[in-house]
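Structure record follows, encoded as structure tokens.
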Amino acid sequence: MAKAGDKNGGGGKKGLKRKAATLEPQEAAVSEDGTTESGVQPTTAAAFPPGFSISEIKNKQRRHLMFTRWKQQQRKEKLAAKKKLKKEREALGDKAPPKPVPKTIDNQRVYDETIVDPNDEEVAYDEATDEFASYFNRQTCPKILITTSDRPHGRTVRLCEQLSTVIPNSHVYYRRGLALKKIIPQCISRDFTDLIVINEDRKIPNGLILSHLPNGPTAHFKMSSVRLRKEIKRRGKDPTEHTPEIILNNFTTRLGHSIGRMFASLFPHNPQFIGRQVATFHNQRDYIFFRFHRYIFKSEKKVGIQELGPRFTLKLRSLQKGTFDSKYGEYEWVHKPREMDTSRRKFHL
């Protein structure tokens with residue numbers, strides 16, 4: 001009985017395998033150009049009749065094969081339309097209509113009324129009397145203190161050390177359990193002009209607090225996409241001690257001006273061009289991308305760049321008047337995602 005059962009069981013498994021083999025689609029392999037192994041072009045009309053829906057196919061392998069053919073057909077039609085349009089434009093020559101501007105998130109946004117003109121007298125007066133006026137008037141030299149949250153892990157510590165090589169005249173100190181309200185008076189007494197605090201969660205840096213001393217303001221950023229130097233592919237050699245140049249892109253609103261001036265006040269006034277190092281803060285869709293590069297002159301017309309690292313992305317969460325005070329601080333601006341409408345109209349940078 002046992003042998004008979006074994007035979008029946010084995011025969012049942014083989015029967016299932018044979019049945020599964022018969023259910024597999026017997027389709028000829030299709031190459032990337034849409035032809036079969038015999039070189040015959042499959043008929044599109046027979047494969048895709050009117051009202052055809054790939055999702056109605058029950059067999060998974062058959063459905064995947066038909067979806068692949070459909071993607072190939074869409075790619076061919078798009079390429080053919082592109083070639084046809086190119087020939088028409090070449091035939092018309094100078095009379096060809098202008099190329100349409102592609103729709104992007106940036107050019108489809110609702111116009112922000114807070115965008116200011118750099119030559120505006122009111123803006124010039126505000127900038128001449130704000131907390132950063134002494135820096136831009138060359139009365140103070142930046143001196144930065146970089147610290148972390150309590151009990152930092154290795155990744156956060158390495159990020160602080162690498163930031164200290166990017167920002168000149170910066171010093172890294174560990175918290176050792178001190179509260180920020182106690183650190184700030186010590187920084188002011190030691191003539192520090194700015195305080196940078198890097199927070200972490202689950203051993204990953206996730207926040208940055210930038211406080212301008214002694215009178216503020218204080219900005220809180222969410223940090224993401226952190227890449228240290230060893231994690232960047234094809235990076236250049238370690239940066240030198242030369243003072244880098246600084247580039248601020250798209251900080252065009254009143255809030256953007258304040259944030260841009262905070263970043264600018266971290267670096268000395270006179271960059272050393274012989275070092276060919278550039279720190280870039282690029283604002284796009286309210287995300288601030290930080291990159292650190294070295295540019296290389298390949299010829300009189302060509303310039304190459306090497307990323308030195310680190311790199312990260314910042315998202316402004318709040319801007320507070322004065323130094324850091326989470327309990328009684330007065331906020332100039334706070335990020336409120338629930339109040340944003342579908343057009344993403346908010347206080348842009």
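Following the order of the structure tokens, chains are lettered A, B, ..., residues in each are numbered from 1, and ligands are numbered from 1.
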
Long-range neighbours of A:Val166 as an NGL selection string, 12 Å cut-off, only C-alpha atoms, 2 positions minimum in chain:
:A and (144 or 146 or 159-164 or 168-171 or 229 or 238-246 or 266-268 or 277-280 or 290-294 or 308-311)

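With only C-alpha atoms as the basis for measurement, A:His212 is the residue among A:Lys321, A:Lys203, A:His212, A:Arg176 that approaches A:Lys143 most closely.
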
Running DSSP on the backbone, which parts of stretch 115-261 of chain A land in alpha helix (DSSP H), as a ChimeraX atom specification?
/A:121-129,133-136,154-166,180-189,254-261

Selection near stretch 119-135 of chain A, 8 Å with only C-alpha atoms, sequence-local residues under 2 positions removed, as JSON, numbers by chain
{"A": [116, 117, 137, 138, 139, 140, 141, 142, 215, 216, 217, 261, 262, 265]}

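The space separating atom CA of A:Ile196 from atom CA of A:Gln306 comes to 26.1 Å.
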